[in-house]
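Q: Structure file data05.csv (CSV, C-alpha atoms) right here:
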chain,number,residue,atom,x,y,z
A,1,MET,CA,-203.3,42.2,64.6
A,2,GLY,CA,-205.0,44.5,62.1
A,3,ILE,CA,-204.9,48.2,62.2
A,4,ASP,CA,-208.2,50.0,62.0
A,5,TYR,CA,-207.2,52.9,59.7
A,6,ALA,CA,-210.8,54.3,59.6
A,7,ALA,CA,-210.8,54.6,63.4
A,8,ILE,CA,-207.4,56.3,63.3
A,9,GLU,CA,-208.6,58.8,60.7
A,10,ALA,CA,-211.8,59.4,62.7
A,11,THR,CA,-209.8,60.1,65.8
A,12,ARG,CA,-207.5,62.5,63.9
A,13,GLU,CA,-210.5,64.4,62.5
A,14,ARG,CA,-212.0,64.6,66.0
A,15,ILE,CA,-208.7,65.9,67.5
A,16,ARG,CA,-208.4,68.4,64.6
A,17,GLY,CA,-211.9,69.7,65.2
A,18,GLN,CA,-211.6,69.9,68.9
A,19,TYR,CA,-208.1,71.3,69.3
A,20,LEU,CA,-206.9,73.0,66.1
A,21,GLN,CA,-207.8,76.6,66.4
A,22,ALA,CA,-208.4,78.9,63.4
A,23,ARG,CA,-207.0,81.8,65.5
A,24,ARG,CA,-204.2,80.1,67.3
A,25,PRO,CA,-203.2,81.8,70.5
A,26,GLU,CA,-199.6,83.0,71.0
A,27,SER,CA,-197.3,80.2,72.4
A,28,SER,CA,-196.0,80.6,75.9
A,29,ALA,CA,-192.6,79.5,74.6
A,30,ARG,CA,-189.9,81.7,73.1
A,31,GLY,CA,-188.4,78.8,71.0
A,32,LEU,CA,-186.3,75.7,71.4
A,33,HIS,CA,-183.3,76.6,73.5
A,34,HIS,CA,-181.6,73.3,72.9
A,35,PHE,CA,-182.3,69.7,72.2
A,36,ALA,CA,-180.0,67.4,74.0
A,37,LEU,CA,-178.8,64.0,72.9
A,38,ILE,CA,-176.2,61.5,74.3
A,39,CYS,CA,-173.1,60.6,72.3
A,40,SER,CA,-170.5,57.9,72.8
A,41,ASN,CA,-167.5,59.9,71.4
A,42,VAL,CA,-167.2,63.7,71.7
A,43,GLU,CA,-164.6,64.2,69.0
A,44,ARG,CA,-166.4,62.0,66.5
A,45,THR,CA,-169.6,63.8,67.2
A,46,VAL,CA,-167.9,67.2,66.7
A,47,GLN,CA,-166.4,66.1,63.4
A,48,PHE,CA,-169.8,64.8,62.2
A,49,TYR,CA,-171.9,67.8,63.1
A,50,GLN,CA,-169.4,70.6,62.5
A,51,GLU,CA,-167.2,69.3,59.7
A,52,LEU,CA,-169.8,67.2,57.8
A,53,LEU,CA,-173.1,69.0,58.5
A,54,GLU,CA,-171.5,72.5,59.0
A,55,PHE,CA,-173.2,73.2,62.3
A,56,PRO,CA,-170.6,75.3,64.3
A,57,LEU,CA,-169.6,74.1,67.7
A,58,THR,CA,-170.5,77.0,70.1
A,59,GLU,CA,-169.3,75.8,73.5
A,60,ILE,CA,-168.1,72.8,75.5
A,61,PHE,CA,-167.9,72.5,79.3
A,62,GLU,CA,-168.4,70.0,82.0
A,63,ASN,CA,-171.9,68.7,82.6
A,64,ARG,CA,-173.1,70.1,85.9
A,65,ASP,CA,-175.0,66.9,86.7
A,66,TYR,CA,-172.3,64.3,86.0
A,67,LYS,CA,-168.7,64.9,86.8
A,68,GLY,CA,-166.3,64.1,83.9
A,69,SER,CA,-169.1,64.4,81.3
A,70,ASN,CA,-169.1,67.0,78.6
A,71,HIS,CA,-172.0,69.2,77.6
A,72,PHE,CA,-171.5,70.8,74.2
A,73,PHE,CA,-173.6,72.7,71.7
A,74,PHE,CA,-173.9,73.2,67.9
A,75,ASP,CA,-175.6,76.2,66.2
A,76,ILE,CA,-178.5,74.9,64.0
A,77,GLY,CA,-179.6,78.4,63.1
A,78,ASN,CA,-182.4,80.8,64.1
A,79,GLY,CA,-181.1,80.9,67.7
A,80,ASN,CA,-181.5,77.2,68.2
A,81,LEU,CA,-178.9,74.7,69.5
A,82,LEU,CA,-178.4,71.0,69.3
A,83,ALA,CA,-176.6,69.8,72.4
A,84,PHE,CA,-174.9,66.6,73.4
A,85,PHE,CA,-173.7,64.9,76.6
A,86,ASP,CA,-171.2,62.1,76.8
A,87,LEU,CA,-171.6,60.0,80.0
A,88,PRO,CA,-168.3,58.2,80.5
A,89,GLY,CA,-168.5,55.1,82.8
A,90,LEU,CA,-172.1,54.4,82.1
A,91,ASP,CA,-173.0,51.4,79.9
A,92,LEU,CA,-175.8,52.9,77.9
A,93,GLY,CA,-175.9,50.5,75.0
A,94,PRO,CA,-176.7,51.3,71.4
A,95,TYR,CA,-179.3,53.9,70.2
A,96,GLN,CA,-182.9,52.6,70.2
A,97,GLU,CA,-186.2,54.1,69.0
A,98,VAL,CA,-188.5,53.4,71.9
A,99,LEU,CA,-191.9,54.7,72.9
A,100,GLY,CA,-191.4,58.2,74.4
A,101,GLY,CA,-188.0,58.4,72.8
A,102,LEU,CA,-186.5,60.2,69.8
A,103,HIS,CA,-187.8,59.4,66.3
A,104,HIS,CA,-185.9,62.0,64.4
A,105,ILE,CA,-184.8,65.6,64.4
A,106,ALA,CA,-185.7,67.6,61.3
A,107,ILE,CA,-183.5,70.6,60.6
A,108,SER,CA,-184.4,73.2,57.9
A,109,VAL,CA,-181.6,74.2,55.5
A,110,GLU,CA,-181.6,76.5,52.5
A,111,ARG,CA,-181.9,74.6,49.2
A,112,GLY,CA,-178.4,75.3,48.0
A,113,ARG,CA,-176.9,74.1,51.3
A,114,TRP,CA,-179.2,71.1,51.3
A,115,GLU,CA,-177.8,70.0,48.0
A,116,ARG,CA,-174.2,70.6,49.2
A,117,LEU,CA,-174.8,68.6,52.4
A,118,ARG,CA,-176.4,65.8,50.3
A,119,ASP,CA,-173.2,65.8,48.2
A,120,LYS,CA,-171.1,65.7,51.4
A,121,LEU,CA,-173.1,62.8,52.8
A,122,ASP,CA,-172.4,61.0,49.5
A,123,ALA,CA,-168.7,61.8,49.6
A,124,ALA,CA,-168.5,60.6,53.3
A,125,ALA,CA,-170.4,57.4,52.3
A,126,VAL,CA,-173.1,58.2,54.9
A,127,PRO,CA,-176.2,56.1,54.0
A,128,TYR,CA,-179.4,58.1,53.6
A,129,GLN,CA,-182.9,57.9,52.4
A,130,LEU,CA,-184.1,60.5,50.0
A,131,GLU,CA,-187.7,60.9,50.8
A,132,SER,CA,-188.5,63.6,48.4
A,133,ASP,CA,-186.6,66.3,46.5
A,134,ALA,CA,-186.6,68.2,49.8
A,135,SER,CA,-186.0,65.6,52.5
A,136,ILE,CA,-183.0,63.4,53.4
A,137,TYR,CA,-183.0,61.0,56.4
A,138,PHE,CA,-179.8,59.6,57.8
A,139,ARG,CA,-178.3,58.6,61.1
A,140,ASP,CA,-175.5,60.2,63.2
A,141,PRO,CA,-172.5,58.2,64.4
A,142,ASP,CA,-174.5,57.0,67.4
A,143,GLY,CA,-177.6,56.1,65.4
A,144,ALA,CA,-179.9,59.1,66.1
A,145,ARG,CA,-182.0,59.7,63.0
A,146,LEU,CA,-181.7,63.2,61.4
A,147,GLU,CA,-183.7,64.8,58.6
A,148,LEU,CA,-182.4,67.7,56.5
A,149,LEU,CA,-185.3,69.6,55.0
A,150,ALA,CA,-185.1,72.1,52.2
A,151,ASP,CA,-188.5,73.4,53.1
A,152,PRO,CA,-188.5,76.8,54.9
A,153,LEU,CA,-189.3,76.9,58.7
A,154,GLY,CA,-193.0,76.6,59.2
A,155,GLU,CA,-193.6,74.6,56.1
A,156,MET,CA,-193.8,70.9,55.4
A,157,TYR,CA,-193.8,69.5,51.8
A,158,GLY,CA,-195.2,72.8,50.5
A,159,SER,CA,-197.9,73.2,53.2
A,160,ARG,CA,-197.9,75.7,56.0
A,161,VAL,CA,-197.8,74.0,59.4
A,162,MET,CA,-197.0,77.1,61.4
Once you've parsed the file, please lay out its structure as structure tokens.
A:
Amino acid sequence: MGIDYAAIEATRERIRGQYLQARRPESSARGLHHFALICSNVERTVQFYQELLEFPLTEIFENRDYKGSNHFFFDIGNGNLLAFFDLPGLDLGPYQEVLGGLHHIAISVERGRWERLRDKLDAAAVPYQLESDASIYFRDPDGARLELLADPLGEMYGSRVM
């Protein structure tokens, strides 16, 4: 099955012309409160995100929707949190990228920290893909794909997106 790249580009240009506004209205949202993922091992997840990636654990308590499950949070800067649930007793299977599911989470870090975290990934033998001199893709212990970007918030590869 061939992909009609010209049709895809035409659709992108139509959407850009119809919806992208030169004077963008203010968003109704205040920001990302938290993004929640599922993990298979709470302590391993804490070690990975806090010890390796240097995202401080801010809280852990029982999940209100599932007795015995933990809900815990990491500070990823700018008032944003990355949250996790473990769901003991459920056979959830391994991580999968599926339609409507998670592709990756991109987190902006200052250039010096980006370099230090890249070195820590090397030292911990965490495989990663260096996509440019500003982007590293890798997976967490449960397979969720993460990206560390040295670009400032609101920029992507040197272009303003915000």
Q: Could you check which residues have any atom within 8 Å of (-177.4, 52.0, 68.7), counting only C-alpha atoms with coordinates taken straight from the file, and then list them as a ChimeraX atom specification?
A: /A:93-96,142-144
Q: Do you know which residues lie at most 7 Å from (-173.1, 69.5, 68.1), with coordinates as in the file and only C-alpha atoms counted, and could you write them as a PyMOL selection string?
A: chain A and resi 45-46+49-50+55+57+72-74+82-84
Q: Would you work out the distance separating atom CA of A:Phe85 from atom CA of A:Val42, expressed in Å to one decimal?
A: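 Going from atom CA of A:Phe85 over to atom CA of A:Val42, I get 8.2 Å.
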Q: Go ahead and compute the interatomic distance for atom CA of A:Glu59 and atom CA of A:Ser40, in Å to one decimal.
A: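 So the answer is 18.0 Å.
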Q: Restricting the calculation to only C-alpha atoms, which member of A:Val109, A:Leu117, A:Leu99, A:Leu153 is positioned closest to A:Leu53?
A: A:Leu117
